[in-house]
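Here is target.cif, consisting of mmCIF, C-alpha atoms and all ligand atoms:
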```cif
data_structure
loop_
_atom_site.label_atom_id
_atom_site.label_comp_id
_atom_site.auth_asym_id
_atom_site.auth_seq_id
_atom_site.Cartn_x
_atom_site.Cartn_y
_atom_site.Cartn_z
CA MET A 154 98.28 94.79 132.22
CA HIS A 155 101.15 96.09 130.12
CA ARG A 156 100.04 97.15 126.63
CA VAL A 157 102.10 97.33 123.44
CA PRO A 158 100.41 99.03 120.47
CA PHE A 159 101.23 97.77 116.99
CA HIS A 160 102.84 101.10 116.20
CA ARG A 161 103.68 104.43 117.79
CA PRO A 162 105.49 107.08 115.74
CA CYS A 163 108.75 108.44 117.10
CA LEU A 164 108.21 112.20 117.02
CA GLY A 165 110.05 114.68 119.23
CA PRO A 166 111.21 118.27 119.62
CA ASP A 167 113.02 118.32 116.25
CA GLU A 168 109.82 117.41 114.38
CA GLU A 169 107.89 120.01 116.41
CA ARG A 170 110.47 122.72 115.68
CA GLU A 171 110.52 122.00 111.94
CA VAL A 172 106.71 121.99 111.67
CA VAL A 173 106.26 125.16 113.74
CA GLU A 174 108.85 126.87 111.53
CA VAL A 175 106.70 126.07 108.49
CA LEU A 176 103.48 127.19 110.17
CA ARG A 177 105.07 130.54 111.08
CA SER A 178 106.75 131.03 107.71
CA GLY A 179 103.59 131.90 105.82
CA TRP A 180 104.27 129.14 103.24
CA ILE A 181 102.66 125.82 104.12
CA THR A 182 102.28 123.93 100.86
CA THR A 183 105.06 122.64 98.57
CA GLY A 184 108.00 125.00 98.86
CA PRO A 185 111.49 125.28 100.33
CA LYS A 186 111.10 122.48 102.91
CA ALA A 187 109.85 120.00 100.30
CA LYS A 188 112.76 120.93 98.02
CA ARG A 189 115.25 120.52 100.90
CA PHE A 190 113.67 117.18 101.83
CA GLU A 191 114.16 116.04 98.22
CA ARG A 192 117.85 117.03 98.28
CA GLU A 193 118.50 115.42 101.64
CA PHE A 194 116.62 112.23 100.79
CA ALA A 195 118.51 111.95 97.49
CA ALA A 196 121.77 112.29 99.43
CA TYR A 197 120.60 109.72 102.00
CA VAL A 198 120.00 107.00 99.39
CA GLY A 199 122.74 108.22 97.06
CA ALA A 200 120.33 109.03 94.21
CA SER A 201 120.79 111.77 91.60
CA HIS A 202 117.13 112.87 91.69
CA ALA A 203 114.35 112.68 94.28
CA VAL A 204 110.82 113.99 93.86
CA ALA A 205 108.67 114.36 96.99
CA VAL A 206 105.04 113.34 96.55
CA ALA A 207 101.88 112.92 98.61
CA HIS A 208 102.22 109.15 99.14
CA CYS A 209 103.88 106.04 97.77
CA THR A 210 100.69 105.15 95.90
CA GLY A 211 101.12 108.39 93.94
CA ALA A 212 104.84 107.71 93.58
CA LEU A 213 104.11 104.35 91.94
CA HIS A 214 101.44 105.86 89.72
CA LEU A 215 103.78 108.64 88.58
CA ALA A 216 106.70 106.26 88.06
CA LEU A 217 104.67 103.98 85.77
CA TYR A 218 103.13 106.99 84.05
CA ALA A 219 106.55 108.53 83.40
CA LEU A 220 107.66 105.28 81.76
CA GLY A 221 104.71 105.56 79.40
CA ILE A 222 102.87 102.51 80.69
CA GLY A 223 99.29 102.60 79.52
CA PRO A 224 96.13 100.66 78.67
CA GLY A 225 96.69 97.00 77.91
CA ASP A 226 100.32 96.96 79.05
CA GLU A 227 101.42 94.26 81.48
CA VAL A 228 103.48 94.73 84.63
CA ILE A 229 104.81 91.83 86.70
CA THR A 230 104.47 92.17 90.46
CA THR A 231 103.86 90.16 93.61
CA PRO A 232 100.45 89.26 95.02
CA PHE A 233 101.98 89.42 98.53
CA THR A 234 101.77 93.18 98.92
CA PHE A 235 99.43 95.98 99.85
CA THR A 236 96.80 96.80 97.24
CA ALA A 237 98.53 100.13 96.39
CA THR A 238 101.19 98.28 94.39
CA ALA A 239 98.75 96.73 91.93
CA GLU A 240 96.28 99.61 92.12
CA ALA A 241 98.89 101.96 90.64
CA ILE A 242 99.26 99.61 87.66
CA ALA A 243 95.48 99.50 87.25
CA TYR A 244 95.17 103.32 87.40
CA LEU A 245 96.88 103.42 84.01
CA GLY A 246 94.68 100.74 82.50
CA ALA A 247 97.60 98.32 82.62
CA ARG A 248 97.33 94.78 83.96
CA PRO A 249 99.04 93.50 87.11
CA ILE A 250 100.59 90.11 86.34
CA PHE A 251 101.10 88.36 89.67
CA VAL A 252 103.93 85.89 90.16
CA ASP A 253 104.20 83.83 93.35
CA ILE A 254 106.72 84.58 96.08
CA GLU A 255 109.69 82.65 97.42
CA PRO A 256 108.88 80.71 100.60
CA ASP A 257 111.73 82.11 102.71
CA GLY A 258 112.06 85.81 101.94
CA LEU A 259 108.44 86.34 100.79
CA ASN A 260 109.68 88.45 97.85
CA LEU A 261 108.92 87.80 94.17
CA ASP A 262 110.26 84.40 93.14
CA VAL A 263 112.74 85.45 90.48
CA SER A 264 112.95 81.96 88.95
CA LYS A 265 109.20 82.04 88.40
CA VAL A 266 109.45 85.53 86.88
CA GLU A 267 112.18 84.28 84.56
CA ALA A 268 110.17 81.21 83.56
CA LEU A 269 107.03 83.25 82.86
CA VAL A 270 108.85 85.88 80.82
CA ALA A 271 110.63 83.14 78.85
CA THR A 272 107.31 81.63 77.71
CA GLY A 273 106.74 84.74 75.58
CA ARG A 274 103.05 84.61 76.57
CA LEU A 275 103.07 88.18 77.85
CA LYS A 276 102.90 90.12 74.60
CA ARG A 277 102.53 93.54 76.27
CA LEU A 278 104.96 93.10 79.16
CA ARG A 279 106.61 96.44 79.84
CA ALA A 280 107.94 96.44 83.40
CA LEU A 281 108.82 94.56 86.57
CA LEU A 282 107.54 95.96 89.85
CA PRO A 283 109.26 94.13 92.71
CA VAL A 284 108.36 94.95 96.32
CA HIS A 285 111.08 94.83 98.97
CA PHE A 286 108.69 93.15 101.37
CA ALA A 287 109.09 94.00 105.06
CA GLY A 288 112.30 95.87 104.21
CA GLN A 289 114.21 92.91 102.79
CA GLY A 290 115.74 93.66 99.41
CA CYS A 291 114.76 91.50 96.41
CA ASP A 292 117.32 89.69 94.29
CA MET A 293 117.88 92.76 92.13
CA ASP A 294 120.90 91.42 90.22
CA ARG A 295 118.72 88.72 88.66
CA LEU A 296 115.72 90.99 88.16
CA LEU A 297 117.87 93.60 86.42
CA GLU A 298 119.35 90.90 84.23
CA ILE A 299 115.88 89.67 83.18
CA ALA A 300 114.81 93.28 82.56
CA LYS A 301 117.84 93.94 80.39
CA ARG A 302 117.40 90.76 78.38
CA HIS A 303 113.74 91.47 77.67
CA GLU A 304 113.91 95.28 77.45
CA LEU A 305 111.74 95.83 80.51
CA LYS A 306 111.71 98.76 82.91
CA VAL A 307 112.12 98.23 86.64
CA VAL A 308 110.12 100.17 89.21
CA GLU A 309 110.83 99.24 92.81
CA ASP A 310 108.11 99.45 95.43
CA ALA A 311 110.37 100.52 98.28
CA ALA A 312 107.53 101.48 100.63
CA HIS A 313 109.08 99.22 103.30
CA ALA A 314 112.68 99.80 102.32
CA VAL A 315 113.95 103.18 103.50
CA GLY A 316 117.51 102.32 104.52
CA SER A 317 117.58 98.77 103.06
CA ARG A 318 120.80 97.76 101.33
CA ILE A 319 121.39 95.08 98.73
CA GLN A 320 124.64 93.50 97.57
CA LEU A 321 124.90 94.06 93.82
CA ALA A 322 127.35 92.60 91.33
CA GLY A 323 130.00 95.20 90.59
CA ARG A 324 128.57 97.77 92.99
CA GLY A 325 128.88 96.23 96.48
CA MET A 326 126.31 97.05 99.17
CA VAL A 327 123.94 99.63 97.71
CA LYS A 328 121.04 101.42 99.39
CA VAL A 329 117.66 100.88 97.74
CA GLY A 330 116.94 103.97 95.65
CA THR A 331 119.43 103.76 92.79
CA ILE A 332 118.95 100.23 91.53
CA GLY A 333 115.94 100.06 89.20
CA ASP A 334 114.82 102.80 86.81
CA LEU A 335 112.68 104.33 89.55
CA SER A 336 112.23 103.63 93.27
CA CYS A 337 109.11 104.59 95.23
CA PHE A 338 109.18 105.15 99.00
CA SER A 339 106.43 105.63 101.57
CA PHE A 340 106.44 107.90 104.60
CA TYR A 341 103.03 106.76 105.83
CA ALA A 342 102.50 106.95 109.61
CA THR A 343 103.84 103.46 110.33
CA LYS A 344 106.80 103.50 107.96
CA ASN A 345 110.50 103.58 108.93
CA ILE A 346 110.50 107.36 108.69
CA THR A 347 107.23 109.24 108.51
CA THR A 348 105.75 112.50 107.29
CA ALA A 349 102.25 111.32 108.43
CA GLU A 350 101.45 110.83 104.74
CA GLY A 351 104.09 111.16 102.06
CA GLY A 352 106.26 109.50 99.49
CA MET A 353 109.30 109.94 97.27
CA VAL A 354 110.42 108.80 93.83
CA THR A 355 114.15 108.50 93.21
CA THR A 356 115.89 107.95 89.90
CA GLU A 357 119.19 108.42 88.10
CA ASP A 358 117.38 109.58 84.98
CA GLU A 359 116.99 113.34 84.76
CA ALA A 360 114.32 113.22 82.06
CA LEU A 361 112.16 110.83 84.09
CA ALA A 362 112.61 113.01 87.19
CA HIS A 363 111.52 116.07 85.24
CA LYS A 364 108.47 114.27 83.87
CA ILE A 365 107.47 113.25 87.39
CA VAL A 366 107.95 116.77 88.81
CA VAL A 367 105.67 118.18 86.13
CA ALA A 368 103.08 115.39 86.30
CA SER A 369 102.95 115.57 90.11
CA LEU A 370 101.51 119.10 89.94
CA HIS A 371 98.84 119.11 87.24
CA GLY A 372 101.35 119.12 84.38
CA MET A 373 102.51 122.64 85.25
CA ASN A 374 106.07 123.54 84.36
CA ARG A 375 108.92 122.86 86.80
CA ASP A 376 108.86 125.77 89.22
CA ALA A 377 105.10 126.22 89.31
CA TRP A 378 105.17 125.83 93.09
CA LYS A 379 106.90 129.23 93.23
CA ARG A 380 104.09 131.04 91.48
CA TYR A 381 102.86 132.80 94.64
CA ASP A 382 106.23 133.96 95.98
CA SER A 383 108.07 137.16 95.06
CA THR A 384 110.36 135.42 92.56
CA GLY A 385 107.56 133.55 90.79
CA SER A 386 105.24 134.43 87.96
CA TRP A 387 101.47 133.99 87.78
CA TYR A 388 101.85 132.49 84.32
CA TYR A 389 102.07 128.77 83.73
CA GLU A 390 101.64 126.39 80.82
CA ILE A 391 99.85 123.06 80.92
CA ASP A 392 101.28 120.84 78.18
CA GLU A 393 99.78 117.60 79.42
CA LEU A 394 97.24 116.47 81.97
CA GLY A 395 98.90 115.72 85.27
CA PHE A 396 97.95 114.75 88.79
CA LYS A 397 97.82 116.43 92.21
CA TYR A 398 100.48 114.52 94.08
CA ASN A 399 102.74 117.23 95.53
CA LEU A 400 103.99 117.03 99.15
CA SER A 401 103.30 120.03 101.40
CA ASP A 402 106.01 121.77 103.39
CA VAL A 403 104.21 120.82 106.62
CA HIS A 404 104.70 117.15 105.77
CA ALA A 405 108.21 117.69 104.38
CA ALA A 406 109.22 119.41 107.65
CA LEU A 407 108.46 116.18 109.52
CA GLY A 408 110.50 114.28 106.93
CA LEU A 409 113.55 116.52 107.38
CA ALA A 410 113.59 115.89 111.13
CA GLN A 411 112.93 112.14 110.68
CA LEU A 412 115.62 111.69 108.07
CA LYS A 413 118.26 112.89 110.54
CA ARG A 414 117.24 110.03 112.81
CA ALA A 415 116.83 107.38 110.11
CA ASP A 416 120.06 105.53 110.92
CA GLU A 417 119.34 105.55 114.64
CA PHE A 418 115.81 104.24 113.95
CA GLN A 419 117.26 101.57 111.70
CA ARG A 420 119.68 100.35 114.39
CA ARG A 421 116.87 100.06 116.94
CA ARG A 422 114.64 98.13 114.53
CA ALA A 423 117.50 95.70 113.79
CA GLN A 424 118.14 95.32 117.50
CA ILE A 425 114.48 94.49 118.21
CA ALA A 426 114.43 92.01 115.31
CA HIS A 427 117.54 90.38 116.73
CA LEU A 428 115.99 90.10 120.21
CA TYR A 429 112.83 88.55 118.76
CA SER A 430 114.73 86.08 116.60
CA GLU A 431 117.01 85.10 119.47
CA ALA A 432 113.98 84.38 121.66
CA PHE A 433 111.93 82.52 119.04
CA THR A 434 114.58 80.50 117.20
CA GLY A 435 114.30 76.89 118.25
CA GLN A 436 110.58 77.13 119.07
CA ALA A 437 109.04 74.32 117.01
CA ALA A 438 105.77 76.23 116.58
CA LEU A 439 107.42 79.38 115.21
CA GLN A 440 109.20 80.24 111.98
CA VAL A 441 111.34 83.35 112.37
CA PRO A 442 112.10 85.64 109.40
CA GLN A 443 115.57 85.16 107.97
CA ALA A 444 117.46 88.04 106.40
CA ARG A 445 118.68 86.86 102.99
CA GLU A 446 122.44 86.82 102.54
CA GLY A 447 123.64 89.98 100.84
CA VAL A 448 120.94 92.27 102.17
CA GLU A 449 120.73 94.69 105.04
CA HIS A 450 117.11 94.34 106.13
CA ALA A 451 115.28 97.57 107.06
CA TRP A 452 112.98 95.60 109.41
CA HIS A 453 109.91 97.64 108.57
CA LEU A 454 107.97 94.51 109.58
CA TYR A 455 108.87 91.52 111.69
CA VAL A 456 106.78 88.76 110.10
CA LEU A 457 106.57 85.67 112.26
CA ARG A 458 104.98 82.50 110.85
CA LEU A 459 103.21 79.87 112.92
CA ARG A 460 103.60 76.16 112.27
CA ALA A 461 99.96 75.17 112.33
CA GLU A 462 100.70 71.47 112.90
CA ARG A 463 102.35 72.31 116.23
CA LEU A 464 99.53 74.44 117.63
CA ARG A 465 95.97 73.88 118.76
CA VAL A 466 94.90 77.27 117.40
CA GLY A 467 95.23 78.94 114.03
CA ARG A 468 96.69 82.36 113.22
CA ASP A 469 93.48 84.32 113.80
CA ALA A 470 93.00 82.88 117.30
CA PHE A 471 96.71 83.37 118.05
CA VAL A 472 96.38 87.06 117.12
CA GLU A 473 93.34 87.34 119.39
CA LEU A 474 95.17 85.67 122.31
CA LEU A 475 98.01 88.17 121.96
CA ARG A 476 95.51 91.00 121.89
CA GLN A 477 94.01 89.71 125.13
CA ARG A 478 97.49 89.94 126.65
CA GLY A 479 97.75 93.57 125.53
CA VAL A 480 99.95 93.02 122.45
CA SER A 481 98.55 94.41 119.21
CA VAL A 482 99.78 92.65 116.10
CA SER A 483 98.87 92.89 112.44
CA VAL A 484 98.87 90.65 109.36
CA HIS A 485 100.93 91.39 106.23
CA CYS A 486 99.71 90.74 103.65
CA ILE A 487 96.34 89.51 102.48
CA PRO A 488 97.35 88.28 98.99
CA LEU A 489 95.77 90.43 96.32
CA HIS A 490 94.49 87.53 94.22
CA LEU A 491 92.20 86.61 97.13
CA MET A 492 90.48 89.99 96.86
CA ARG A 493 87.30 90.33 94.85
CA VAL A 494 88.37 93.27 92.75
CA TYR A 495 91.45 91.44 91.40
CA GLN A 496 89.37 88.32 90.76
CA ASP A 497 86.58 90.23 88.96
CA ARG A 498 88.89 92.40 86.89
CA TYR A 499 91.70 90.03 86.04
CA GLY A 500 90.34 86.54 86.64
CA TYR A 501 92.63 85.58 89.51
CA ARG A 502 91.40 82.76 91.75
CA PRO A 503 92.23 81.27 95.15
CA GLY A 504 94.90 78.64 94.62
CA ASP A 505 96.73 80.63 91.94
CA PHE A 506 99.66 81.54 94.23
CA PRO A 507 100.01 78.79 96.86
CA ILE A 508 103.18 80.13 98.51
CA ALA A 509 101.59 83.53 99.12
CA GLU A 510 98.44 81.84 100.46
CA ASP A 511 100.44 79.59 102.77
CA ALA A 512 102.39 82.58 104.11
CA TYR A 513 99.18 84.52 104.63
CA SER A 514 97.51 81.67 106.51
CA ARG A 515 100.36 81.51 109.05
CA CYS A 516 101.81 85.01 109.35
CA LEU A 517 101.53 87.78 111.86
CA SER A 518 103.53 90.99 112.23
CA LEU A 519 104.84 91.81 115.69
CA PRO A 520 105.27 95.40 116.89
CA ILE A 521 108.67 96.74 115.80
CA TYR A 522 109.43 100.44 116.04
CA PRO A 523 112.04 102.64 117.69
CA ALA A 524 109.61 104.07 120.25
CA MET A 525 109.35 100.59 121.85
CA THR A 526 111.02 100.37 125.23
CA ASP A 527 113.09 97.36 126.31
CA ARG A 528 110.17 96.46 128.58
CA ASP A 529 107.82 96.52 125.56
CA VAL A 530 110.08 94.17 123.61
CA GLU A 531 110.41 91.83 126.58
CA TYR A 532 106.65 91.86 127.07
CA VAL A 533 106.02 90.93 123.42
CA VAL A 534 108.55 88.08 123.66
CA ASP A 535 107.02 86.78 126.91
CA SER A 536 103.49 87.03 125.52
CA VAL A 537 104.33 85.13 122.32
CA LEU A 538 106.21 82.41 124.23
CA ALA A 539 103.43 82.07 126.82
CA THR A 540 100.81 81.76 124.06
CA VAL A 541 102.89 79.12 122.28
CA ARG A 542 103.32 77.20 125.56
CA GLU A 543 99.61 77.26 126.27
CA GLN A 544 98.55 76.34 122.75
CA SER A 545 101.18 73.78 121.77
CA LYS A 546 99.95 70.33 120.82
C1 LIG B 1 104.19 97.59 99.78
C2 LIG B 1 103.46 98.89 99.82
N1 LIG B 1 103.41 99.65 98.70
C3 LIG B 1 102.78 100.84 98.67
C4 LIG B 1 102.15 101.34 99.79
C5 LIG B 1 101.44 102.64 99.71
O1 LIG B 1 102.05 103.60 100.50
P1 LIG B 1 101.29 104.98 100.81
O2 LIG B 1 100.39 104.74 101.97
O3 LIG B 1 102.42 105.94 101.14
O4 LIG B 1 100.57 105.37 99.58
C6 LIG B 1 102.19 100.60 100.98
C7 LIG B 1 101.53 101.13 102.17
O5 LIG B 1 101.45 100.56 103.20
C8 LIG B 1 102.85 99.34 100.99
O6 LIG B 1 102.89 98.60 102.10
#
```
Will you turn the file into C-alpha cells for me?
Ligand SMILES: Cc1ncc(COP(=O)(O)O)c(C=O)c1O
Amino acid sequence: MHRVPFHRPCLGPDEEREVVEVLRSGWITTGPKAKRFEREFAAYVGASHAVAVAHCTGALHLALYALGIGPGDEVITTPFTFTATAEAIAYLGARPIFVDIEPDGLNLDVSKVEALVATGRLKRLRALLPVHFAGQGCDMDRLLEIAKRHELKVVEDAAHAVGSRIQLAGRGMVKVGTIGDLSCFSFYATKNITTAEGGMVTTEDEALAHKIVVASLHGMNRDAWKRYDSTGSWYYEIDELGFKYNLSDVHAALGLAQLKRADEFQRRRAQIAHLYSEAFTGQAALQVPQAREGVEHAWHLYVLRLRAERLRVGRDAFVELLRQRGVSVSVHCIPLHLMRVYQDRYGYRPGDFPIAEDAYSRCLSLPIYPAMTDRDVEYVVDSVLATVREQSK
C-alpha cells in the first residue's frame, strides 16, 4: 500500500552544508548565522527589523511583553488556533478575549471584533492578535482601522503565514511581516520553512525591536551574544528581567538554506492546493477551502470540511478510513474554548463560538508539503474520493 505521511520536511544538501559549517566553526549558539538569518528574513518579508527567537510561542510572548501588556489587560484573538496564541497572552497575566471566526476563511470575524469593541465592555483592551489561519491573510485593512480608532496595538500570529500576501489599501499586495505593529513567525518542523524549532519577530519599530532583542536573552544588552568571541567583553548589564528565547546558529543555519527555497516551496504548496481543489470541487460531501479575494494564500494547511449530512460517517471515522488507506491527516484546530484550562481560567463554555465549533466538527487537514511527489498527491486525491464514494448517503 502506498503511504503518505502528514508531513515530511524538505531538507537537502544546502541545509546539510550550512549546519556542518556551524558545527565546524566552533560557535554553535546565537552568533553570525542567526544575525544573517535575521537580515535575510527581514529582506524576504520587506521588514525593517527581524529578531530570531527559539519559537513562535516565544515570539508572541516577547511581542506582547514589548508592548507592555501585563496583568489584567485584554487581548482579542481567535479560538480557532493552536494553544500557543492564547498561552502567550496568559503568560503575561493578560486575558485572551476570544471572538468567533468567519465561516469561509476561518479567520477572526472582523465584524464581530468591531461589534465587541464598540460595546465598550472591554475596559482593559490593549491589543488585537489575529492569526492568519492556514496561511490565509486576515482582513488587515479593517483590523488596522479598528485598532487605530480604539488605540489598540496589533500583533499578528503569522505562524502559518511565511510568504502570505495581503492586498492593503494604499499599499497593494504586501507580504505578511510589515502590517501590524509586530508579526510573529514559526519555523517549527511542519511549517512552510523550518529550522526544526524556531521563530522570528518582525517590526518597523526600532525601539520595539531593541526591546525584544534584549528581552530575548535575559535582559542583557544588545551584543551580549558576542561576549565569548574576541571582539566581545565579559561584562554585561541586566536592567530588566528577560527570557531565554534566543535562536542558536545551528537552527539559524537550517533557516538560511530554507529561506533560499521559500518561493519554490510556496509554488509547490499552491500547486498541490490547486490539484486538491480541482479534484474535490463539485463533490457534494466536501467543502474545499477558498482563498479570499485579495490574498495570496501560503497554503500551510489545506483544510477540507466534510458535509456531515451527505456522509454515513463523521469526521473522526473519515480520518480513520484515510489512515487505513495509508494517508495520514490531521485536524486544525481544536477550538481553545473547548479546552479545560481556558474554561477553568476564563469561564469559556462549549457553545460560545458556534462557527469555530462547526468548523472543528467537520474539518481535516490533508498532507501538503513540497516533498510530496505527484504520485503522493494523486494517491491522497484518490483515497479521499474513494472514501467519499463508499461513505456517501
Ligand atoms: C497558529 C499558531 N501560533 C503559534 C504556534 C507556535 O509555534 P511554535 O511551535 O514555533 O512555538 C503555532 C504552532 O503550531 C501555531 O499553529
For this session: For ligand LIG 1 (chain B), list the contacting residues at 10 Å or closer, counting all atoms listed in the file, as an MDAnalysis selection string.
Result: chainID A and resid 206:214 231 233:241 283:288 309:314 337:344 347:353 453:454 485:486
Among A:Arg498, A:His160, A:Arg295, A:Arg528, Asp262 of chain A is approached most closely, using all atoms listed in the file, by A:Arg295
Residues near segment 245-247 of chain A, anyone? I mean within 6 Å using all atoms listed in the file, not counting same-chain ones fewer than 4 positions away, as a PDB file with C-alpha atoms, in the coordinates of the input.
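The resulting file, out_39.pdb, is reproduced below:
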```pdb
ATOM      1  CA  GLY A 223      99.290 102.600  79.520  1.00  0.00           C
ATOM      2  CA  PRO A 224      96.130 100.660  78.670  1.00  0.00           C
ATOM      3  CA  GLY A 225      96.690  97.000  77.910  1.00  0.00           C
ATOM      4  CA  ASP A 226     100.320  96.960  79.050  1.00  0.00           C
ATOM      5  CA  GLU A 227     101.420  94.260  81.480  1.00  0.00           C
TER       6      GLU A 227
END
```
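Between Asn374 of chain A and the residues A:Ala444, A:Leu176, A:Ile391, A:Leu474, the shortest atom-to-atom distance, using all atoms listed in the file, involves A:Ile391.
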- Message: Residues within 12 Å of (114.3, 110.5, 85.4), file coordinates, counting all atoms listed in the file: what are they? Give the list as an NGL selection string.
- Response: :A and (200-204 or 215-220 or 308 or 331 or 333-336 or 354-367)
